[in-house]
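Printed here is query_27.cif (mmCIF, C-alpha atoms and all ligand atoms):
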data_run
loop_
_atom_site.label_atom_id
_atom_site.label_comp_id
_atom_site.auth_asym_id
_atom_site.auth_seq_id
_atom_site.Cartn_x
_atom_site.Cartn_y
_atom_site.Cartn_z
CA MET A 1 -87.12 40.97 -10.58
CA LYS A 2 -86.52 41.73 -14.20
CA ILE A 3 -83.35 43.76 -14.47
CA ALA A 4 -81.74 45.43 -17.49
CA ILE A 5 -78.15 46.59 -17.41
CA ILE A 6 -77.68 49.11 -20.18
CA GLY A 7 -73.93 49.32 -20.83
CA ALA A 8 -72.36 46.02 -19.82
CA GLY A 9 -68.80 47.29 -19.56
CA ASN A 10 -66.48 47.23 -16.57
CA LEU A 11 -69.04 48.28 -13.98
CA GLY A 12 -72.14 46.91 -15.71
CA LEU A 13 -70.58 43.46 -15.96
CA SER A 14 -69.47 43.58 -12.34
CA ILE A 15 -73.06 44.36 -11.34
CA ALA A 16 -74.32 41.53 -13.55
CA GLU A 17 -71.93 39.07 -11.91
CA GLY A 18 -72.96 40.30 -8.47
CA ILE A 19 -76.65 39.90 -9.29
CA LEU A 20 -76.09 36.41 -10.70
CA HIS A 21 -74.11 35.25 -7.67
CA SER A 22 -76.63 36.73 -5.24
CA GLY A 23 -79.54 35.11 -7.10
CA GLY A 24 -81.15 38.53 -7.31
CA ALA A 25 -82.95 38.48 -10.65
CA THR A 26 -85.50 36.35 -12.43
CA THR A 27 -84.31 37.64 -15.79
CA MET A 28 -81.49 39.93 -16.75
CA HIS A 29 -80.90 41.79 -20.00
CA LEU A 30 -77.35 42.96 -20.70
CA THR A 31 -76.69 45.39 -23.52
CA ARG A 32 -73.72 46.91 -25.28
CA ARG A 33 -72.98 47.54 -28.96
CA ASN A 34 -70.23 44.95 -29.26
CA THR A 35 -71.62 41.88 -27.49
CA ALA A 36 -68.80 39.42 -28.29
CA SER A 37 -67.25 39.80 -24.83
CA LEU A 38 -70.56 38.85 -23.18
CA SER A 39 -70.90 35.40 -24.74
CA HIS A 40 -69.95 33.60 -21.50
CA PHE A 41 -73.22 34.84 -19.99
CA GLU A 42 -75.15 32.75 -22.50
CA GLU A 43 -74.71 29.70 -20.25
CA TYR A 44 -77.17 31.29 -17.83
CA GLY A 45 -80.67 30.57 -19.05
CA ASN A 46 -82.13 33.75 -17.57
CA VAL A 47 -79.58 36.17 -19.05
CA HIS A 48 -80.32 37.82 -22.39
CA ILE A 49 -77.54 39.54 -24.29
CA GLY A 50 -77.96 42.08 -27.06
CA SER A 51 -77.47 45.54 -28.48
CA ASP A 52 -81.11 46.51 -28.45
CA ASN A 53 -81.59 48.85 -25.51
CA ARG A 54 -85.26 49.35 -26.32
CA ALA A 55 -85.97 45.61 -26.15
CA ALA A 56 -84.10 45.36 -22.84
CA VAL A 57 -86.01 48.29 -21.35
CA ALA A 58 -89.36 46.99 -22.55
CA ALA A 59 -88.70 43.58 -20.95
CA SER A 60 -87.48 44.83 -17.56
CA ASP A 61 -88.67 46.65 -14.41
CA ILE A 62 -85.35 47.75 -12.97
CA LEU A 63 -83.13 49.62 -15.40
CA ILE A 64 -79.49 50.04 -14.42
CA PHE A 65 -77.59 52.43 -16.67
CA ALA A 66 -73.81 51.97 -16.66
CA VAL A 67 -72.61 53.78 -19.78
CA GLN A 68 -70.01 56.51 -20.05
CA PRO A 69 -71.29 59.99 -19.13
CA GLY A 70 -70.97 61.20 -22.74
CA HIS A 71 -73.30 58.44 -24.00
CA PHE A 72 -75.99 58.62 -21.36
CA GLN A 73 -78.20 61.43 -22.66
CA GLN A 74 -78.57 59.96 -26.13
CA ILE A 75 -79.29 56.47 -24.77
CA LEU A 76 -81.83 57.73 -22.26
CA GLU A 77 -83.59 59.78 -24.92
CA SER A 78 -83.72 56.75 -27.20
CA VAL A 79 -85.72 54.72 -24.65
CA ALA A 80 -87.68 57.53 -22.95
CA ASP A 81 -90.97 56.76 -24.72
CA LEU A 82 -90.89 53.17 -23.37
CA LEU A 83 -90.67 54.18 -19.72
CA HIS A 84 -93.75 53.38 -17.64
CA ASP A 85 -94.91 54.17 -14.12
CA ASN A 86 -93.32 51.10 -12.54
CA HIS A 87 -89.86 51.40 -14.04
CA VAL A 88 -87.11 52.08 -11.52
CA ILE A 89 -84.30 53.94 -13.26
CA ILE A 90 -80.93 53.50 -11.59
CA SER A 91 -78.03 55.54 -12.92
CA THR A 92 -74.42 54.81 -12.01
CA ILE A 93 -73.21 57.60 -14.29
CA THR A 94 -70.55 59.79 -12.74
CA GLY A 95 -71.42 63.47 -12.51
CA PHE A 96 -74.84 63.17 -14.18
CA SER A 97 -77.30 64.87 -11.84
CA ILE A 98 -80.85 63.85 -11.01
CA GLU A 99 -81.93 67.25 -12.34
CA ARG A 100 -80.46 66.44 -15.76
CA ILE A 101 -82.09 63.02 -15.78
CA GLU A 102 -85.44 64.54 -14.85
CA GLN A 103 -85.10 67.02 -17.70
CA LEU A 104 -84.78 64.07 -20.08
CA ILE A 105 -87.48 61.71 -18.76
CA GLY A 106 -89.61 63.76 -16.38
CA SER A 107 -89.66 64.23 -12.61
CA ASP A 108 -92.52 61.75 -12.07
CA ARG A 109 -90.23 58.76 -12.73
CA TYR A 110 -88.54 56.75 -9.98
CA ILE A 111 -84.96 57.94 -10.46
CA ILE A 112 -82.14 56.66 -8.31
CA ARG A 113 -78.44 57.41 -8.55
CA ALA A 114 -76.24 54.58 -7.36
CA MET A 115 -72.49 54.69 -6.90
CA PRO A 116 -71.26 51.11 -6.50
CA ASN A 117 -67.76 49.81 -7.12
CA THR A 118 -66.38 46.84 -9.02
CA ALA A 119 -66.23 44.72 -5.85
CA ILE A 120 -69.96 44.32 -6.42
CA SER A 121 -68.99 41.32 -8.59
CA VAL A 122 -67.89 39.48 -5.44
CA GLY A 123 -70.63 40.82 -3.17
CA HIS A 124 -68.54 43.47 -1.42
CA SER A 125 -69.45 46.80 -2.94
CA MET A 126 -69.90 49.89 -0.84
CA THR A 127 -72.74 51.53 -2.73
CA CYS A 128 -74.06 55.03 -2.10
CA LEU A 129 -77.61 55.87 -3.16
CA CYS A 130 -79.78 58.93 -3.58
CA ALA A 131 -83.10 59.53 -5.32
CA ASN A 132 -85.38 62.20 -6.75
CA THR A 133 -88.58 63.03 -4.88
CA ALA A 134 -90.62 60.32 -6.64
CA GLY A 135 -87.79 57.82 -6.30
CA GLN A 136 -87.74 58.10 -2.49
CA LYS A 137 -90.49 55.44 -2.62
CA ARG A 138 -88.09 53.00 -4.29
CA LEU A 139 -84.95 53.72 -2.26
CA GLU A 140 -85.71 50.80 0.04
CA LEU A 141 -85.97 48.49 -2.96
CA ALA A 142 -82.70 49.80 -4.38
CA GLY A 143 -81.06 49.40 -0.99
CA ALA A 144 -82.27 45.80 -0.82
CA ILE A 145 -80.81 45.08 -4.28
CA PHE A 146 -77.41 46.57 -3.47
CA ASN A 147 -77.29 45.17 0.08
CA ARG A 148 -77.33 41.69 -1.45
CA MET A 149 -74.04 42.62 -3.08
CA GLY A 150 -72.35 44.43 -0.22
CA HIS A 151 -73.40 47.46 1.78
CA SER A 152 -75.41 50.50 0.81
CA MET A 153 -75.81 53.95 2.29
CA VAL A 154 -78.39 56.60 1.40
CA ILE A 155 -76.72 60.00 1.10
CA PRO A 156 -77.71 63.47 -0.14
CA GLU A 157 -77.04 63.94 -3.85
CA ALA A 158 -74.56 66.70 -2.98
CA ARG A 159 -72.27 63.99 -1.55
CA MET A 160 -72.43 61.75 -4.63
CA GLN A 161 -69.27 63.22 -6.13
CA ALA A 162 -67.36 62.55 -2.92
CA ALA A 163 -68.81 59.03 -2.74
CA THR A 164 -67.57 58.38 -6.28
CA VAL A 165 -64.02 59.17 -5.23
CA ILE A 166 -64.04 57.29 -1.93
CA CYS A 167 -66.02 54.20 -2.96
CA ALA A 168 -65.74 53.80 -6.74
CA SER A 169 -62.27 55.22 -7.45
CA GLY A 170 -61.35 53.95 -3.99
CA ILE A 171 -61.03 50.43 -5.34
CA ALA A 172 -58.15 51.60 -7.53
CA PHE A 173 -56.54 53.50 -4.67
CA TRP A 174 -56.63 50.47 -2.37
CA MET A 175 -55.34 48.23 -5.17
CA ARG A 176 -52.30 50.46 -5.57
CA LEU A 177 -51.64 50.31 -1.83
CA ILE A 178 -51.88 46.53 -1.91
CA ARG A 179 -49.61 46.46 -4.95
CA ALA A 180 -47.01 48.69 -3.25
CA THR A 181 -47.09 46.47 -0.16
CA THR A 182 -46.59 43.47 -2.42
CA GLN A 183 -43.54 45.09 -3.99
CA GLY A 184 -42.14 45.74 -0.54
CA ALA A 185 -42.71 42.13 0.45
CA ILE A 186 -40.92 40.90 -2.68
CA GLN A 187 -37.95 43.12 -1.83
CA LEU A 188 -37.90 41.47 1.61
CA GLY A 189 -37.69 38.01 0.07
CA PHE A 190 -41.15 36.64 -0.66
CA ASP A 191 -41.98 35.47 -4.14
CA ALA A 192 -44.63 37.47 -6.00
CA GLU A 193 -47.50 35.10 -5.29
CA GLU A 194 -46.71 34.83 -1.60
CA ALA A 195 -46.20 38.58 -1.37
CA GLN A 196 -49.61 39.39 -2.85
CA LYS A 197 -51.28 36.87 -0.56
CA LEU A 198 -49.66 38.44 2.49
CA ALA A 199 -50.63 41.94 1.36
CA MET A 200 -54.25 41.28 0.45
CA HIS A 201 -55.11 39.15 3.48
CA THR A 202 -53.47 41.64 5.83
CA CYS A 203 -55.50 44.38 4.13
CA ARG A 204 -58.68 42.37 4.61
CA GLY A 205 -57.74 41.73 8.25
CA ALA A 206 -57.25 45.44 8.94
CA SER A 207 -60.61 46.22 7.38
CA GLU A 208 -62.42 43.41 9.24
CA LEU A 209 -60.91 44.58 12.54
CA LEU A 210 -62.48 48.00 12.09
CA ILE A 211 -65.79 46.67 10.78
CA ARG A 212 -66.25 44.18 13.61
CA SER A 213 -64.82 46.18 16.52
CA GLY A 214 -66.08 49.60 15.47
CA SER A 215 -62.80 50.98 16.76
CA HIS A 216 -60.80 53.90 15.38
CA PRO A 217 -57.82 53.07 13.12
CA GLU A 218 -55.43 54.85 15.48
CA ALA A 219 -56.60 52.68 18.40
CA GLU A 220 -55.71 49.59 16.37
CA ILE A 221 -52.38 51.18 15.37
CA ASP A 222 -51.61 51.79 19.06
CA ARG A 223 -52.04 48.05 19.68
CA VAL A 224 -49.44 47.23 17.03
CA THR A 225 -46.79 49.89 17.61
CA THR A 226 -44.35 48.62 20.25
CA PRO A 227 -42.41 51.57 21.73
CA MET A 228 -39.12 51.91 19.83
CA GLY A 229 -40.29 48.99 17.69
CA CYS A 230 -40.26 48.33 13.97
CA THR A 231 -43.89 49.34 13.28
CA ILE A 232 -43.61 52.93 14.49
CA GLU A 233 -40.26 53.19 12.72
CA GLY A 234 -41.84 52.19 9.42
CA LEU A 235 -45.01 54.21 9.95
CA ASN A 236 -43.17 57.40 10.79
CA GLU A 237 -40.90 57.03 7.76
CA MET A 238 -43.99 56.57 5.56
CA GLU A 239 -45.48 59.75 7.03
CA HIS A 240 -42.20 61.68 6.57
CA GLN A 241 -42.51 60.65 2.90
CA GLY A 242 -46.09 61.96 2.80
CA LEU A 243 -48.27 58.84 2.97
CA SER A 244 -51.39 60.40 4.53
CA SER A 245 -50.84 63.70 2.79
CA SER A 246 -50.50 62.13 -0.66
CA LEU A 247 -53.65 60.08 -0.16
CA ILE A 248 -55.66 63.11 0.93
CA ARG A 249 -54.32 65.21 -1.93
CA GLY A 250 -55.09 62.43 -4.42
CA ILE A 251 -58.65 62.16 -3.11
CA VAL A 252 -59.17 65.91 -3.45
CA SER A 253 -57.69 65.93 -7.01
CA SER A 254 -59.99 63.11 -7.99
CA TYR A 255 -62.94 65.01 -6.54
CA ASP A 256 -62.03 68.16 -8.48
CA LYS A 257 -61.80 66.15 -11.70
CA ILE A 258 -65.44 65.07 -11.39
CA SER A 259 -66.48 68.72 -11.55
CA GLN A 260 -64.82 68.89 -14.97
CA ILE A 261 -66.62 65.70 -16.06
CA ARG A 262 -69.91 67.28 -14.94
CA LYS A 263 -69.24 70.43 -16.98
CA GLY A 264 -68.25 68.29 -20.00
N1 LIG A 301 -65.74 51.41 -13.61
C1 LIG A 301 -66.08 51.70 -12.36
O1 LIG A 301 -65.49 51.19 -11.39
C2 LIG A 301 -67.20 52.65 -12.09
C3 LIG A 301 -67.83 53.34 -13.10
N2 LIG A 301 -68.87 54.20 -12.81
C4 LIG A 301 -69.57 54.87 -13.89
O2 LIG A 301 -70.27 53.86 -14.59
C5 LIG A 301 -70.29 54.15 -15.98
C6 LIG A 301 -69.66 53.01 -16.75
O3 LIG A 301 -68.29 52.92 -16.41
P1 LIG A 301 -67.40 51.73 -16.95
O4 LIG A 301 -68.13 50.46 -16.78
O5 LIG A 301 -66.08 51.90 -16.35
O6 LIG A 301 -67.34 52.10 -18.50
P2 LIG A 301 -67.12 51.11 -19.73
O7 LIG A 301 -66.69 51.96 -20.86
O8 LIG A 301 -66.29 49.95 -19.33
O9 LIG A 301 -68.60 50.56 -19.99
C7 LIG A 301 -69.57 51.28 -20.67
C8 LIG A 301 -70.21 50.32 -21.64
O10 LIG A 301 -71.26 51.00 -22.32
C9 LIG A 301 -71.38 50.35 -23.58
N3 LIG A 301 -72.11 51.21 -24.48
C10 LIG A 301 -71.69 52.29 -25.18
N4 LIG A 301 -72.68 52.76 -25.95
C11 LIG A 301 -73.76 51.95 -25.72
C12 LIG A 301 -75.07 51.92 -26.24
N5 LIG A 301 -75.50 52.80 -27.16
N6 LIG A 301 -75.91 50.99 -25.77
C13 LIG A 301 -75.51 50.07 -24.85
N7 LIG A 301 -74.26 50.04 -24.36
C14 LIG A 301 -73.39 50.97 -24.79
C15 LIG A 301 -69.94 50.11 -24.02
O11 LIG A 301 -69.81 48.96 -24.83
P3 LIG A 301 -69.87 49.05 -26.44
O12 LIG A 301 -68.83 50.03 -26.85
O13 LIG A 301 -69.63 47.65 -26.89
O14 LIG A 301 -71.25 49.53 -26.74
C16 LIG A 301 -69.24 49.82 -22.69
O15 LIG A 301 -69.05 48.44 -22.50
C17 LIG A 301 -69.56 55.47 -16.16
O16 LIG A 301 -70.51 56.51 -16.23
C18 LIG A 301 -68.72 55.58 -14.91
O17 LIG A 301 -68.52 56.91 -14.56
C19 LIG A 301 -69.31 54.35 -11.54
C20 LIG A 301 -68.74 53.68 -10.51
C21 LIG A 301 -67.62 52.79 -10.70
O1 LIG A 302 -62.62 56.92 -13.21
C1 LIG A 302 -63.79 57.26 -13.44
O2 LIG A 302 -64.03 58.37 -13.93
C2 LIG A 302 -64.93 56.34 -13.13
C3 LIG A 302 -65.81 56.87 -12.05
C4 LIG A 302 -65.48 56.10 -10.82
C5 LIG A 302 -64.74 54.97 -11.32
N1 LIG A 302 -64.47 55.09 -12.58
#
Please, can you express the file's structure as structure tokens?
Ligand SMILES: NC(=O)C1=CN([C@@H]2O[C@H](COP(=O)(O)OP(=O)(O)OC[C@H]3O[C@@H](n4cnc5c(N)ncnc54)[C@H](OP(=O)(O)O)[C@@H]3O)[C@@H](O)[C@H]2O)C=CC1
Ligand SMILES: O=C(O)[C@@H]1CCC=N1
Amino acid sequence: MKIAIIGAGNLGLSIAEGILHSGGATTMHLTRRNTASLSHFEEYGNVHIGSDNRAAVAASDILIFAVQPGHFQQILESVADLLHDNHVIISTITGFSIERIEQLIGSDRYIIRAMPNTAISVGHSMTCLCANTAGQKRLELAGAIFNRMGHSMVIPEARMQAATVICASGIAFWMRLIRATTQGAIQLGFDAEEAQKLAMHTCRGASELLIRSGSHPEAEIDRVTTPMGCTIEGLNEMEHQGLSSSLIRGIVSSYDKISQIRKG
């Protein structure tokens, strides 16, 4: 596969690392205007770095766009005349609808919206996908690409905004929870390095328990909460302080913000 990543910033670079580690491309073109921060990719013989989006598009079959929403239209228009029938156009752009993309490059193109997260760099992204009518024929291919770097789920486009919050922004939300747990562990006597290790591996363990058992979080909580014990004491205090409520409210605020990005 010949893959171009147009906009090798935070997400684009994470995708590039994920693709490299999964061995998923024969050649890869990475673009951004300031390429200095990409020089470490030069050690890979099959990775081409540059600022020329047109050259990257012309040399690739799969085009992954990972630029800021405000830049996308101009960049897409600047390469539109190079697009051919086999190009698969994958947009990770928040709030940029398939309808708007079709208006810029036509509805006959294979257009896929993907919402991965930065854990794609280590092969653990949860990536949501949707496609235009033509692109339905390439959803399986897109799923195969993203499944090499985690898990993917095909969803209706109407859920893409919600997927952005839960999966993409979700990385930041979980990081803050891990960080807060780390701070608690330091207060209880662990040094910072130990504390982070305890927090992140316990987080991974909780997640793996659910993934492998298929059980409900509350069922797992029931197995931990000894009657009159320390777990239910801590959990109830967290809830009195609004743990679940603050998470839900944060998720809804984040969701509402995307509507503003869309209008912008
Ligand atoms: N970060 C995340 O976790 C996620 C982000 N997204 C979405 O992905 C997109 C990218 O986000 P993120 O990576 O955080 O943003 P960044 O700003 O980190 O990356 C965007 C990159 O685009 C480059 N760029 C700007 N103009 C051009 C151009 N004309 N040609 C080529 N490259 C260009 C910029 O580099 P330079 O200035 O050097 O050109 C920059 O590195 C956004 O639309 C975001 O909503 C979606 C899911 C998760
Ligand atoms: O914060 C943002 O707007 C982007 C979209 C999801 C992750 N980063």
Which residue out of A:Ala163, A:Val79, A:Ala55, A:Ala8 has the minimum interatomic distance to ligand LIG 302 (chain A) when only C-alpha atoms and all ligand atoms are used?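 Nearest to ligand LIG 302 (chain A): A:Ala163.
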Step by step, measure atom-to-atom distances between ligand LIG 301 (chain A) and each residue using only C-alpha atoms and all ligand atoms, keep those at most 6 Å, then write them as number ranges by chain. A: 6-12, 31-34, 66-69, 75, 92-94, 115-118, 168
Separation of CA of Thr127 in chain A from CA of His87 in chain A, in Å and rounded to one decimal: 20.5 Å
Output, as lines of an AutoDock Vina configuration file, the centre and edge lengths in Å (one decimal) of the axis-aligned box that contains all listed atoms of ligand LIG 302 (chain A) with 5 Å of margin on each side.
center_x = -64.2
center_y = 56.7
center_z = -12.4
size_x = 13.2
size_y = 13.4
size_z = 13.1
Non-local contacts of Glu220 in chain A (9 Å; only C-alpha atoms; under 6 positions in same chain excluded) as a VMD selection string: chain A and resid 206 209 to 210
Hey, can you check how far CA of Asn147 in chain A sits from CA of Leu30 in chain A?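 For CA of Asn147 in chain A relative to CA of Leu30 in chain A, the distance reads 20.9 Å.
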Using all atoms listed in the file, which residues sit within 9 Å of Asp108 in chain A once same-chain residues fewer than 3 positions away are excluded, as a list in words?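 In the requested format, the answer is Asp85, Glu102, Ile105, Ile111, Asn132, Thr133, Ala134 and Gly135 of chain A.
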Just C-alpha atoms for this one: save the residues we selected as a PDB file, keeping the file's coordinate frame.
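Wrote result.pdb, looks like this:
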ATOM      1  CA  ASP A  85     -94.910  54.170 -14.120  1.00  0.00           C
ATOM      2  CA  GLU A 102     -85.440  64.540 -14.850  1.00  0.00           C
ATOM      3  CA  ILE A 105     -87.480  61.710 -18.760  1.00  0.00           C
ATOM      4  CA  ILE A 111     -84.960  57.940 -10.460  1.00  0.00           C
ATOM      5  CA  ASN A 132     -85.380  62.200  -6.750  1.00  0.00           C
ATOM      6  CA  THR A 133     -88.580  63.030  -4.880  1.00  0.00           C
ATOM      7  CA  ALA A 134     -90.620  60.320  -6.640  1.00  0.00           C
ATOM      8  CA  GLY A 135     -87.790  57.820  -6.300  1.00  0.00           C
TER       9      GLY A 135
END
Hey, which of A:Ser125, A:Ser245, A:Ser60, A:Ser14 ends up closest to Met28 in chain A? Count all atoms listed in the file.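 Closest residue, counting all atoms listed in the file: A:Ser60.
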Go through A:Val165, A:Ala56, A:Leu141, A:Ala180 and flag the residue nearest ligand LIG 302 (chain A), using only C-alpha atoms and all ligand atoms for the distances.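 That would be A:Val165, the residue with the smallest distance to ligand LIG 302 (chain A).
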Atom-to-atom span, CA of Gly234 in chain A and CA of Thr181 in chain A, Å: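 Between CA of Gly234 in chain A and CA of Thr181 in chain A the gap works out to 12.3 Å.
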Of the listed residues A:Val47, A:Leu129, A:Leu188, A:Ala172, that which approaches Gly23 in chain A most closely, counting all atoms listed in the file: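 Of A:Val47, A:Leu129, A:Leu188, A:Ala172, the one nearest Gly23 in chain A, counting all atoms listed in the file, is A:Val47.
Using all atoms listed in the file, the contacts of Ile101 in chain A at a cut-off of 10 Å, with sequence neighbours closer than 2 positions omitted, comprise Phe72, Gln73, Leu76, Glu77, Ile89, Ser91, Phe96, Ser97, Ile98, Glu99, Gln103, Leu104, Ile105, Gly106, Ser107, Arg109, Ile111, Ile112, Arg113 and Asn132 of chain A.
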Go through A:Gln196, A:Thr182, A:Asn86, A:Gln161 and flag the residue nearest ligand LIG 302 (chain A), using all atoms listed in the file for the distances.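 Of A:Gln196, A:Thr182, A:Asn86, A:Gln161, the one nearest ligand LIG 302 (chain A) is A:Gln161, counting all atoms listed in the file.
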In the coordinate frame of the file, compute which residues have an atom within 12 Å of (-54.9, 60.7, 1.5) when using all atoms listed in the file, and state them as a list in words.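 Here is the list of nearby residues: Val165, Ile166, Gly170, Phe173, Trp174, Leu177, Glu239, Gly242, Leu243, Ser244, Ser245, Ser246, Leu247, Ile248, Arg249, Gly250, Ile251, Val252, Ser253 and Ser254 of chain A.
Closest approach to Gly123 in chain A from the set A:Val88, A:Ile186, A:Leu63, A:Met149 is made by A:Met149, with distances taken over all atoms listed in the file.
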Excluding Tyr44 in chain A and its own-chain neighbours fewer than 2 positions away, which residues fall within 10 Å of it when counting all atoms listed in the file? Please give them as a ChimeraX atom specification. /A:20,27-28,40-42,46-48
Would you save the residues from that selection as a PDB file, in the coordinates of the input, using C-alpha atoms?
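Saved file part19.pdb follows:
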ATOM      1  CA  LEU A  20     -76.090  36.410 -10.700  1.00  0.00           C
ATOM      2  CA  THR A  27     -84.310  37.640 -15.790  1.00  0.00           C
ATOM      3  CA  MET A  28     -81.490  39.930 -16.750  1.00  0.00           C
ATOM      4  CA  HIS A  40     -69.950  33.600 -21.500  1.00  0.00           C
ATOM      5  CA  PHE A  41     -73.220  34.840 -19.990  1.00  0.00           C
ATOM      6  CA  GLU A  42     -75.150  32.750 -22.500  1.00  0.00           C
ATOM      7  CA  ASN A  46     -82.130  33.750 -17.570  1.00  0.00           C
ATOM      8  CA  VAL A  47     -79.580  36.170 -19.050  1.00  0.00           C
ATOM      9  CA  HIS A  48     -80.320  37.820 -22.390  1.00  0.00           C
TER      10      HIS A  48
END
Because the input lacks atoms here, generate N, CA and C atoms for range 217-235 of chain A and report them as an mmCIF file, in the frame of the given file.
data_model
loop_
_atom_site.group_PDB
_atom_site.id
_atom_site.type_symbol
_atom_site.label_atom_id
_atom_site.label_comp_id
_atom_site.auth_asym_id
_atom_site.auth_seq_id
_atom_site.Cartn_x
_atom_site.Cartn_y
_atom_site.Cartn_z
ATOM 1 N N PRO A 217 -59.086 53.613 13.622
ATOM 2 C CA PRO A 217 -57.820 53.070 13.120
ATOM 3 C C PRO A 217 -56.637 53.350 14.050
ATOM 4 N N GLU A 218 -56.591 54.538 14.633
ATOM 5 C CA GLU A 218 -55.430 54.850 15.480
ATOM 6 C C GLU A 218 -55.396 53.970 16.732
ATOM 7 N N ALA A 219 -56.570 53.570 17.220
ATOM 8 C CA ALA A 219 -56.600 52.680 18.400
ATOM 9 C C ALA A 219 -55.992 51.336 18.034
ATOM 10 N N GLU A 220 -56.292 50.869 16.821
ATOM 11 C CA GLU A 220 -55.710 49.590 16.370
ATOM 12 C C GLU A 220 -54.205 49.755 16.107
ATOM 13 N N ILE A 221 -53.816 50.918 15.597
ATOM 14 C CA ILE A 221 -52.380 51.180 15.370
ATOM 15 C C ILE A 221 -51.647 51.173 16.706
ATOM 16 N N ASP A 222 -52.248 51.770 17.737
ATOM 17 C CA ASP A 222 -51.610 51.790 19.060
ATOM 18 C C ASP A 222 -51.343 50.376 19.578
ATOM 19 N N ARG A 223 -52.215 49.436 19.201
ATOM 20 C CA ARG A 223 -52.040 48.050 19.680
ATOM 21 C C ARG A 223 -50.912 47.327 18.965
ATOM 22 N N VAL A 224 -50.477 47.901 17.835
ATOM 23 C CA VAL A 224 -49.440 47.230 17.030
ATOM 24 C C VAL A 224 -48.065 47.864 17.250
ATOM 25 N N THR A 225 -48.062 49.157 17.578
ATOM 26 C CA THR A 225 -46.790 49.890 17.610
ATOM 27 C C THR A 225 -46.091 49.753 18.965
ATOM 28 N N THR A 226 -45.203 48.788 19.058
ATOM 29 C CA THR A 226 -44.350 48.620 20.250
ATOM 30 C C THR A 226 -43.434 49.838 20.360
ATOM 31 N N PRO A 227 -43.319 50.430 21.576
ATOM 32 C CA PRO A 227 -42.410 51.570 21.730
ATOM 33 C C PRO A 227 -40.997 51.215 21.246
ATOM 34 N N MET A 228 -40.449 52.080 20.448
ATOM 35 C CA MET A 228 -39.120 51.910 19.830
ATOM 36 C C MET A 228 -39.063 50.694 18.901
ATOM 37 N N GLY A 229 -40.243 50.201 18.507
ATOM 38 C CA GLY A 229 -40.290 48.990 17.690
ATOM 39 C C GLY A 229 -40.242 49.291 16.194
ATOM 40 N N CYS A 230 -40.388 48.214 15.424
ATOM 41 C CA CYS A 230 -40.260 48.330 13.970
ATOM 42 C C CYS A 230 -41.492 48.969 13.318
ATOM 43 N N THR A 231 -42.682 48.819 13.934
ATOM 44 C CA THR A 231 -43.890 49.340 13.280
ATOM 45 C C THR A 231 -43.886 50.867 13.262
ATOM 46 N N ILE A 232 -43.598 51.465 14.445
ATOM 47 C CA ILE A 232 -43.610 52.930 14.490
ATOM 48 C C ILE A 232 -42.458 53.498 13.648
ATOM 49 N N GLU A 233 -41.390 52.753 13.560
ATOM 50 C CA GLU A 233 -40.260 53.190 12.720
ATOM 51 C C GLU A 233 -40.715 53.283 11.257
ATOM 52 N N GLY A 234 -41.377 52.217 10.808
ATOM 53 C CA GLY A 234 -41.840 52.190 9.420
ATOM 54 C C GLY A 234 -42.935 53.220 9.174
ATOM 55 N N LEU A 235 -43.864 53.298 10.110
ATOM 56 C CA LEU A 235 -45.010 54.210 9.950
ATOM 57 C C LEU A 235 -44.544 55.667 9.884
#
